[in-house]
>>> print(open('entry_9.cif').read())   # mmCIF, C-alpha atoms
data_upload
#
loop_
_atom_site.label_atom_id
_atom_site.label_comp_id
_atom_site.auth_asym_id
_atom_site.auth_seq_id
_atom_site.Cartn_x
_atom_site.Cartn_y
_atom_site.Cartn_z
CA MET A 265 0.00 0.00 0.00
CA SER A 266 1.53 3.24 -1.10
CA ALA A 267 -0.63 5.83 0.65
CA LYS A 268 -3.22 6.15 3.38
CA ILE A 269 -6.94 5.74 3.00
CA LYS A 270 -8.72 8.03 5.42
CA VAL A 271 -12.27 7.61 6.64
CA LEU A 272 -13.11 11.25 6.96
CA ARG A 273 -14.68 13.15 9.80
CA THR A 274 -18.40 13.82 9.43
CA LYS A 275 -20.90 15.89 11.36
CA ARG A 276 -22.17 12.74 13.00
CA GLY A 277 -21.04 13.22 16.55
CA VAL A 278 -17.81 13.50 18.46
CA PRO A 279 -14.88 12.64 16.19
CA GLY A 280 -12.89 10.31 18.32
CA HIS A 281 -10.44 8.12 16.45
CA ALA A 282 -8.65 7.65 13.15
CA LEU A 283 -9.26 4.65 10.91
CA SER A 284 -6.27 4.05 8.67
CA PHE A 285 -6.41 2.13 5.41
CA THR A 286 -4.71 3.15 2.10
CA LEU A 287 -5.92 6.00 -0.16
CA MET A 288 -8.90 8.31 0.41
CA ALA A 289 -12.05 6.16 0.25
CA LEU A 290 -15.41 7.16 -1.20
CA CYS A 291 -18.62 5.09 -0.88
CA LYS A 292 -20.40 3.98 -4.04
CA GLN A 293 -23.48 5.84 -2.86
CA GLN A 294 -21.44 9.09 -3.22
CA LEU A 295 -21.48 10.00 0.45
CA LEU A 296 -21.37 13.77 0.46
CA LEU A 297 -20.46 13.63 4.14
CA LEU A 298 -17.03 12.26 3.27
CA LEU A 299 -16.41 14.82 0.54
CA MET A 300 -17.15 17.84 2.70
CA THR A 301 -14.15 17.59 5.07
CA ALA A 302 -10.51 16.67 5.04
CA SER A 303 -10.01 15.66 8.67
CA ALA A 304 -8.97 12.09 9.34
CA PHE A 305 -11.34 11.07 12.09
CA GLY A 306 -14.04 8.50 12.70
CA GLN A 307 -16.71 8.81 15.36
CA ASP A 308 -17.98 6.94 18.36
CA LEU A 309 -21.61 6.00 18.17
CA HIS A 310 -23.81 8.69 19.76
CA PHE A 311 -27.51 9.29 20.40
CA SER A 312 -29.53 12.48 20.82
CA GLN A 313 -31.61 10.66 23.46
CA PHE A 314 -28.40 10.09 25.38
CA SER A 315 -30.03 9.25 28.72
CA THR A 316 -32.21 6.55 27.14
CA ALA A 317 -29.02 4.49 26.71
CA PRO A 318 -27.86 4.84 30.36
CA LEU A 319 -25.49 1.86 30.47
CA SER A 320 -23.44 3.35 27.62
CA LEU A 321 -23.61 6.90 28.96
CA ASN A 322 -22.18 5.97 32.37
CA PRO A 323 -21.79 2.46 33.89
CA ALA A 324 -22.57 3.98 37.32
CA LEU A 325 -26.19 4.36 36.10
CA THR A 326 -26.56 0.56 36.00
CA GLY A 327 -29.43 -0.31 38.34
CA ASP A 328 -30.16 3.38 39.07
CA PHE A 329 -33.91 3.53 38.55
CA ASN A 330 -37.20 3.05 40.38
CA GLY A 331 -38.27 -0.56 39.91
CA GLU A 332 -36.93 -4.13 39.89
CA PHE A 333 -35.42 -4.41 36.41
CA ARG A 334 -35.65 -2.59 33.08
CA VAL A 335 -34.99 -3.27 29.40
CA GLY A 336 -34.75 -0.74 26.61
CA TYR A 337 -34.18 -0.34 22.89
CA LEU A 338 -33.08 2.75 20.95
CA TYR A 339 -32.93 3.13 17.15
CA ARG A 340 -31.32 5.99 15.19
CA ASN A 341 -31.44 6.73 11.45
CA GLN A 342 -29.18 9.60 10.33
CA TRP A 343 -28.48 11.38 7.01
CA ASN A 344 -31.16 9.50 5.11
CA SER A 345 -31.77 12.65 3.04
CA VAL A 346 -28.09 13.03 2.04
CA ALA A 347 -26.94 9.51 1.16
CA SER A 348 -27.03 5.97 2.53
CA PRO A 349 -28.08 6.49 6.16
CA PHE A 350 -26.05 5.73 9.26
CA LEU A 351 -28.09 3.15 11.19
CA SER A 352 -27.44 2.75 14.91
CA SER A 353 -29.20 0.89 17.71
CA SER A 354 -28.83 0.13 21.40
CA LEU A 355 -30.33 -2.76 23.37
CA PHE A 356 -29.82 -3.01 27.12
CA GLY A 357 -31.14 -4.59 30.31
CA ASP A 358 -30.22 -4.04 33.95
CA LYS A 359 -31.39 -5.11 37.39
CA LYS A 360 -30.97 -4.19 41.04
CA ILE A 361 -29.22 -6.88 43.09
CA LEU A 362 -28.27 -7.50 46.76
CA GLN A 363 -30.75 -4.91 48.05
CA ASP A 364 -31.33 -6.81 51.31
CA LYS A 365 -27.69 -7.64 52.07
CA LEU A 366 -25.82 -4.34 51.92
CA ASN A 367 -27.29 -2.37 54.85
CA GLY A 368 -29.44 -0.12 52.68
CA ASP A 369 -27.02 0.08 49.76
CA TYR A 370 -27.46 -2.01 46.63
CA MET A 371 -25.72 -3.06 43.44
CA GLY A 372 -26.75 -3.05 39.81
CA GLY A 373 -25.85 -5.47 37.04
CA GLY A 374 -26.61 -5.25 33.35
CA ILE A 375 -25.67 -5.98 29.76
CA ALA A 376 -25.81 -3.76 26.68
CA MET A 377 -25.31 -4.17 22.94
CA LEU A 378 -24.62 -1.40 20.42
CA SER A 379 -24.79 -1.75 16.64
CA ASP A 380 -23.60 0.72 14.00
CA ASN A 381 -23.82 0.53 10.22
CA THR A 382 -22.13 3.22 8.09
CA GLY A 383 -22.10 3.79 4.34
CA ALA A 384 -24.52 1.01 3.29
CA GLY A 385 -22.50 -1.54 5.25
CA ALA A 386 -19.00 -0.44 4.20
CA LEU A 387 -18.08 -0.10 7.88
CA THR A 388 -19.99 -1.92 10.66
CA MET A 389 -19.50 -2.18 14.40
CA MET A 390 -20.93 -4.37 17.18
CA HIS A 391 -20.23 -3.56 20.83
CA PHE A 392 -21.19 -5.93 23.68
CA SER A 393 -20.70 -4.99 27.35
CA VAL A 394 -21.25 -6.24 30.88
CA ASN A 395 -21.85 -3.55 33.53
CA ALA A 396 -21.69 -3.51 37.33
CA ALA A 397 -22.33 -0.63 39.75
CA TYR A 398 -22.43 -0.03 43.50
CA HIS A 399 -24.89 2.51 44.98
CA HIS A 400 -24.22 3.97 48.43
CA PHE A 401 -26.59 6.27 50.34
CA LEU A 402 -24.83 9.05 52.25
CA ASN A 403 -27.53 9.61 54.88
CA LYS A 404 -30.27 7.73 56.70
CA ALA A 405 -32.99 9.71 54.94
CA GLN A 406 -31.62 8.38 51.63
CA THR A 407 -31.73 11.80 49.98
CA GLN A 408 -28.12 11.63 48.81
CA LYS A 409 -26.37 8.85 46.96
CA ILE A 410 -23.05 8.24 45.24
CA SER A 411 -22.51 5.46 42.71
CA GLY A 412 -19.54 3.94 40.94
CA GLY A 413 -19.59 1.60 37.97
CA ILE A 414 -17.44 -0.34 35.54
CA GLN A 415 -18.08 -1.63 32.03
CA ILE A 416 -16.09 -4.53 30.56
CA ALA A 417 -16.75 -4.82 26.84
CA ALA A 418 -15.55 -6.01 23.47
CA PHE A 419 -16.23 -4.55 20.04
CA GLN A 420 -16.07 -5.99 16.55
CA LYS A 421 -15.46 -3.78 13.52
CA SER A 422 -15.71 -4.95 9.92
CA ILE A 423 -14.95 -3.26 6.62
CA ASN A 424 -16.15 -4.37 3.18
CA PRO A 425 -13.71 -3.02 0.53
CA ASN A 426 -16.15 -4.07 -2.21
CA LEU A 427 -18.43 -1.23 -1.13
CA LEU A 428 -15.66 1.35 -1.47
CA VAL A 429 -14.00 2.93 -4.50
CA PHE A 430 -10.55 4.42 -4.54
CA GLU A 431 -8.66 7.25 -6.15
CA ASN A 432 -6.89 4.98 -8.66
CA GLN A 433 -10.30 3.79 -9.92
CA PHE A 434 -11.39 7.26 -11.03
CA ASN A 435 -11.96 7.46 -14.79
CA TYR A 436 -11.21 11.06 -15.80
CA ALA A 437 -12.65 10.63 -19.30
CA ASP A 438 -16.09 9.63 -17.99
CA ALA A 439 -15.81 11.47 -14.64
CA ASN A 440 -16.80 8.42 -12.59
CA PHE A 441 -15.26 5.59 -10.59
CA SER A 442 -15.37 2.91 -13.27
CA GLY A 443 -11.71 1.88 -13.20
CA PRO A 444 -10.30 -1.57 -12.44
CA THR A 445 -10.23 -3.22 -9.03
CA ASN A 446 -8.56 -1.16 -6.34
CA GLY A 447 -5.80 -3.70 -5.67
CA GLU A 448 -5.76 -2.87 -1.96
CA ASN A 449 -4.57 -5.47 0.53
CA LEU A 450 -5.96 -5.08 4.07
CA ASN A 451 -4.36 -7.08 6.87
CA ALA A 452 -7.84 -7.92 8.16
CA SER A 453 -11.42 -7.10 7.21
CA THR A 454 -12.64 -7.77 10.78
CA ILE A 455 -11.07 -6.88 14.10
CA VAL A 456 -12.13 -7.68 17.70
CA ARG A 457 -10.83 -5.60 20.61
CA PRO A 458 -11.50 -5.29 24.38
CA ASP A 459 -12.88 -2.05 25.80
CA VAL A 460 -13.15 -0.62 29.34
CA GLN A 461 -15.25 2.24 30.77
CA LEU A 462 -15.46 3.63 34.34
CA GLY A 463 -17.96 6.10 35.80
CA ALA A 464 -19.34 7.76 38.93
CA THR A 465 -22.53 9.69 39.76
CA TYR A 466 -23.98 11.80 42.58
CA TRP A 467 -27.74 12.00 43.26
CA TYR A 468 -29.59 14.46 45.52
CA SER A 469 -33.35 14.53 46.11
CA THR A 470 -35.97 16.55 47.97
CA GLN A 471 -39.76 16.59 47.94
CA LYS A 472 -39.65 19.27 45.22
CA TYR A 473 -36.80 18.20 42.92
CA TYR A 474 -33.89 15.88 42.28
CA ILE A 475 -30.49 16.29 40.60
CA THR A 476 -28.16 13.65 39.15
CA SER A 477 -24.67 14.41 37.87
CA GLY A 478 -21.95 12.12 36.65
CA LEU A 479 -18.64 11.63 34.89
CA SER A 480 -17.42 8.64 32.92
CA VAL A 481 -14.35 7.76 30.87
CA ALA A 482 -14.68 5.29 27.97
CA HIS A 483 -11.90 3.47 26.07
CA LEU A 484 -9.56 3.58 29.07
CA ASN A 485 -7.44 0.81 27.57
CA MET A 486 -7.11 2.72 24.25
CA PRO A 487 -7.67 -0.29 21.95
CA ASN A 488 -5.96 -0.38 18.56
CA GLN A 489 -8.66 -0.28 15.87
CA SER A 490 -6.61 -0.23 12.67
CA PHE A 491 -7.35 -2.66 9.85
CA THR A 492 -3.84 -2.36 8.40
CA GLY A 493 -1.75 -3.40 11.37
CA ALA A 494 -0.71 0.21 12.02
CA ARG A 495 -0.94 1.76 15.49
CA GLU A 496 -4.27 3.62 15.55
CA LEU A 497 -5.39 3.85 19.18
CA LEU A 498 -8.97 4.70 20.11
CA ALA A 499 -8.68 7.85 22.24
CA PRO A 500 -10.32 7.98 25.69
CA LYS A 501 -13.74 9.64 25.67
CA PHE A 502 -14.75 11.81 28.64
CA ILE A 503 -18.47 12.21 29.31
CA ALA A 504 -19.89 14.71 31.81
CA HIS A 505 -23.66 14.75 32.28
CA ALA A 506 -26.31 16.15 34.60
CA GLU A 507 -30.08 16.03 34.71
CA GLY A 508 -32.83 16.93 37.12
CA GLN A 509 -36.52 17.41 37.61
CA TYR A 510 -38.35 20.25 39.33
CA PHE A 511 -42.05 19.98 40.17
CA ILE A 512 -43.91 23.11 39.20
CA SER A 513 -47.15 21.55 40.43
CA LYS A 514 -48.45 18.06 41.25
CA LYS A 515 -48.86 17.24 37.57
CA LEU A 516 -46.39 19.52 35.84
CA SER A 517 -42.60 19.34 35.98
CA LEU A 518 -39.54 20.70 34.19
CA ALA A 519 -36.65 18.32 33.46
CA PRO A 520 -33.41 19.96 32.21
CA SER A 521 -30.36 17.93 31.16
CA ILE A 522 -26.90 18.45 29.73
CA MET A 523 -24.17 16.23 28.32
CA ILE A 524 -20.62 17.22 27.39
CA LEU A 525 -18.28 14.92 25.45
CA TYR A 526 -14.57 15.38 24.90
CA GLN A 527 -12.45 13.04 22.79
CA ASN A 528 -9.22 13.51 20.89
CA LYS A 529 -9.32 17.35 21.11
CA ALA A 530 -12.92 17.47 19.86
CA ALA A 531 -15.89 18.44 22.02
CA GLN A 532 -19.66 18.28 21.89
CA MET A 533 -22.33 19.75 24.16
CA ASN A 534 -26.03 18.85 24.30
CA ILE A 535 -28.21 21.06 26.47
CA GLY A 536 -31.98 21.33 26.78
CA ALA A 537 -35.07 20.58 28.83
CA MET A 538 -38.37 18.73 28.79
CA ILE A 539 -41.84 19.46 30.14
CA ASN A 540 -43.79 16.57 31.72
CA ARG A 541 -47.58 16.74 32.08
CA GLY A 542 -49.10 14.07 34.31
CA PHE A 543 -52.58 12.59 33.82
CA GLY A 544 -52.68 9.77 36.35
CA LYS A 545 -55.22 9.90 39.15
CA THR A 546 -52.93 8.14 41.64
CA PHE A 547 -49.21 8.23 42.35
CA LYS A 548 -48.51 4.76 40.96
CA GLU A 549 -50.27 5.29 37.64
CA ASN A 550 -47.23 7.11 36.17
CA ILE A 551 -49.17 8.37 33.14
CA TYR A 552 -47.91 11.53 31.47
CA LEU A 553 -46.99 13.15 28.18
CA LYS A 554 -43.69 14.92 27.56
CA ALA A 555 -42.13 17.30 25.06
CA GLY A 556 -38.63 18.71 24.96
CA ILE A 557 -35.99 20.53 22.96
CA TRP A 558 -32.17 20.27 23.06
CA TYR A 559 -29.40 22.00 21.18
CA ARG A 560 -26.20 20.22 20.14
CA LEU A 561 -23.89 23.21 19.82
CA GLY A 562 -22.98 24.00 16.24
CA ASP A 563 -24.65 20.87 14.90
CA ALA A 564 -28.39 20.29 15.43
CA VAL A 565 -31.58 21.14 17.28
CA ASN A 566 -33.29 18.06 18.71
CA PHE A 567 -37.07 17.88 19.33
CA LEU A 568 -38.63 15.13 21.44
CA VAL A 569 -42.17 13.98 22.17
CA GLY A 570 -43.12 10.94 24.21
CA MET A 571 -45.35 9.35 26.77
CA ASN A 572 -45.13 7.15 29.85
CA HIS A 573 -47.87 4.70 30.74
CA ASN A 574 -47.25 2.78 33.95
CA ASN A 575 -44.23 0.54 33.31
CA TRP A 576 -43.72 1.61 29.68
CA GLN A 577 -42.28 4.68 28.04
CA LEU A 578 -42.06 5.57 24.35
CA ASN A 579 -40.03 8.48 22.95
CA PHE A 580 -39.64 9.90 19.46
CA SER A 581 -37.08 12.58 18.59
CA TYR A 582 -35.85 14.33 15.45
CA ASP A 583 -32.64 16.27 14.77
CA LEU A 584 -32.93 19.42 12.69
CA ASN A 585 -29.51 19.97 11.14
CA ALA A 586 -28.08 23.40 11.99
CA SER A 587 -24.51 22.96 10.75
CA ARG A 588 -22.93 23.99 7.44
CA LEU A 589 -24.07 20.65 6.03
CA TYR A 590 -27.59 22.10 5.70
CA VAL A 591 -26.75 22.85 2.04
CA ALA A 592 -26.76 19.11 1.35
CA SER A 593 -29.14 17.94 4.07
CA ASN A 594 -31.81 20.64 3.58
CA TYR A 595 -31.79 20.96 7.39
CA THR A 596 -32.84 17.33 7.94
CA GLY A 597 -30.72 15.18 10.24
CA ALA A 598 -31.66 12.10 12.25
CA LEU A 599 -34.69 10.46 13.78
CA GLU A 600 -34.63 8.33 16.93
CA LEU A 601 -37.16 6.01 18.51
CA SER A 602 -36.83 4.50 21.98
CA ILE A 603 -38.91 2.17 24.11
CA VAL A 604 -38.21 1.26 27.74
CA TYR A 605 -39.96 -1.19 30.06
CA THR A 606 -39.44 -0.98 33.84
CA HIS A 607 -40.75 -3.94 35.84
CA ASN A 608 -42.50 -3.45 39.17
CA LEU A 609 -42.16 0.33 38.96
CA PHE A 610 -42.26 1.97 42.45
CA ASN A 611 -43.33 -1.27 44.18
CA THR A 612 -39.81 -2.28 45.28
CA GLN A 613 -39.18 0.94 47.20
CA LYS A 614 -39.33 0.72 51.01
CA SER A 615 -40.14 4.42 51.29
CA LYS A 616 -41.73 6.55 48.61
CA ILE A 617 -40.91 9.89 50.22
CA ASN A 618 -38.07 10.61 47.76
CA ILE A 619 -39.43 8.94 44.64
CA VAL A 620 -40.01 11.21 41.69
CA PRO A 621 -42.93 9.86 39.59
CA CYS A 622 -40.87 9.93 36.42
CA ASN A 623 -38.28 7.67 34.83
CA ARG A 624 -34.94 9.28 35.48
CA HIS A 625 -33.69 9.10 31.92
CA PHE A 626 -34.91 11.41 29.19
#
>>> encode(input="entry_9.cif", output="structure tokens")
Amino acid sequence: MSAKIKVLRTKRGVPGHALSFTLMALCKQQLLLLLMTASAFGQDLHFSQFSTAPLSLNPALTGDFNGEFRVGYLYRNQWNSVASPFLSSSLFGDKKILQDKLNGDYMGGGIAMLSDNTGAGALTMMHFSVNAAYHHFLNKAQTQKISGGIQIAAFQKSINPNLLVFENQFNYADANFSGPTNGENLNASTIVRPDVQLGATYWYSTQKYYITSGLSVAHLNMPNQSFTGARELLAPKFIAHAEGQYFISKKLSLAPSIMILYQNKAAQMNIGAMINRGFGKTFKENIYLKAGIWYRLGDAVNFLVGMNHNNWQLNFSYDLNASRLYVASNYTGALELSIVYTHNLFNTQKSKINIVPCNRHF
């Protein structure tokens, strides 16, 4: 291989790591996203509904919910209006454990799976993780809590060179990529690497509001994710997040949240809030509608609508592109759909004095 192929940075999320091949690659579907920049970065998978994938956001959130166990699924479709869409999904499940054996504290255990498909399958990723967290109350009233968690994971990345065209295949006479085979020789088309993430959170609650804040660091082991045998380490990703809920009245609340990512000298900030309107006649009914808006600085405005009905919640969100890519995207960005089921909601709590009648992930 005589030169480097670079999978270019896109306006997809936080650019976190370089993927080295040979020559500058273009997808057959003429991905405008790759043509619009010259930075050699890939991205970690990211969601606008970041708190609806809690085990990936921060392993300390494992088991941090009202109920016995929960399962959730999140689907994202991005850039469908520009070219072949980026398709991403998250599936997770977690459960509280050892609640009766830790003197009021408890642990959480869970598993999560992430899937990512870029450029009509040219680059795919699967990420499987096992999470564990410990939750410790700081006072007898259980209004303050600190939590620490760890995620042990492995990811698989695959590249299909048959879905890529290369510079030496460009036919100048016809102005298209109709040349002979690219002749590239990758050391491997599939790689499997371990991955480690650590995190911590602090939770404070009163009768009127609650606040949760946290910090996590992903890719602590900096796995090598090159397909060529070169040294291309996945940079650590720092995630700071906070969310809360303030009760304006018995059936109306405001829920602000913020997430800040930093990876490989690139940063992203999501900030916004949601309004919850309750309709249940009793505390345990947990029936309400919600609507919210977030801004991902310099990139997109995210709108969300959803509903909770007892143990179930359903959320739909849409990103309105606000970056310079609007010329190609016509302001369209990504849609996301999430569904979460929480078993035995509220019934496992010994005291309901500090329970907020709302799932603590937005």
>>> closest_residue(input="entry_9.cif", among="A:Leu355, A:Leu427, A:Ala417, A:Ile375", to="A:His391", atoms="only C-alpha atoms")
A:Ala417
>>> closest_residue(input="entry_9.cif", among="A:Ser490, A:Asn585, A:Ser411, A:Asn528", to="A:Tyr466", atoms="only C-alpha atoms")
A:Ser411
>>> residues_around(input="entry_9.cif", residues="stretch 599-604 of chain A", least_positions_apart="3", cutoff="6 Å", atoms="only C-alpha atoms", output="PyMOL selection string")
chain A and resi 335-341+576-582
>>> write_last_selection(input="entry_9.cif", atoms="C-alpha atoms", output="mmCIF file, keeping the file's coordinate frame")
data_model
loop_
_atom_site.group_PDB
_atom_site.id
_atom_site.type_symbol
_atom_site.label_atom_id
_atom_site.label_comp_id
_atom_site.auth_asym_id
_atom_site.auth_seq_id
_atom_site.Cartn_x
_atom_site.Cartn_y
_atom_site.Cartn_z
ATOM 1 C CA VAL A 335 -34.990 -3.270 29.400
ATOM 2 C CA GLY A 336 -34.750 -0.740 26.610
ATOM 3 C CA TYR A 337 -34.180 -0.340 22.890
ATOM 4 C CA LEU A 338 -33.080 2.750 20.950
ATOM 5 C CA TYR A 339 -32.930 3.130 17.150
ATOM 6 C CA ARG A 340 -31.320 5.990 15.190
ATOM 7 C CA ASN A 341 -31.440 6.730 11.450
ATOM 8 C CA TRP A 576 -43.720 1.610 29.680
ATOM 9 C CA GLN A 577 -42.280 4.680 28.040
ATOM 10 C CA LEU A 578 -42.060 5.570 24.350
ATOM 11 C CA ASN A 579 -40.030 8.480 22.950
ATOM 12 C CA PHE A 580 -39.640 9.900 19.460
ATOM 13 C CA SER A 581 -37.080 12.580 18.590
ATOM 14 C CA TYR A 582 -35.850 14.330 15.450
#
>>> closest_residue(input="entry_9.cif", among="A:Tyr605, A:His399, A:Phe511, A:Tyr468", to="A:Phe333", atoms="only C-alpha atoms")
A:Tyr605
>>> atom_distance(input="entry_9.cif", atom1="atom CA of A:Ile551", atom2="atom CA of A:Ala317")
21.5 Å
>>> closest_residue(input="entry_9.cif", among="A:Gly357, A:Gly372, A:Gly562, A:Gly478", to="A:Ile522", atoms="all atoms listed in the file")
A:Gly478
>>> residues_around(input="entry_9.cif", residues="A:Lys404", least_positions_apart="5", cutoff="12 Å", atoms="all atoms listed in the file", output="VMD selection string")
chain A and resid 367 to 369 409 615
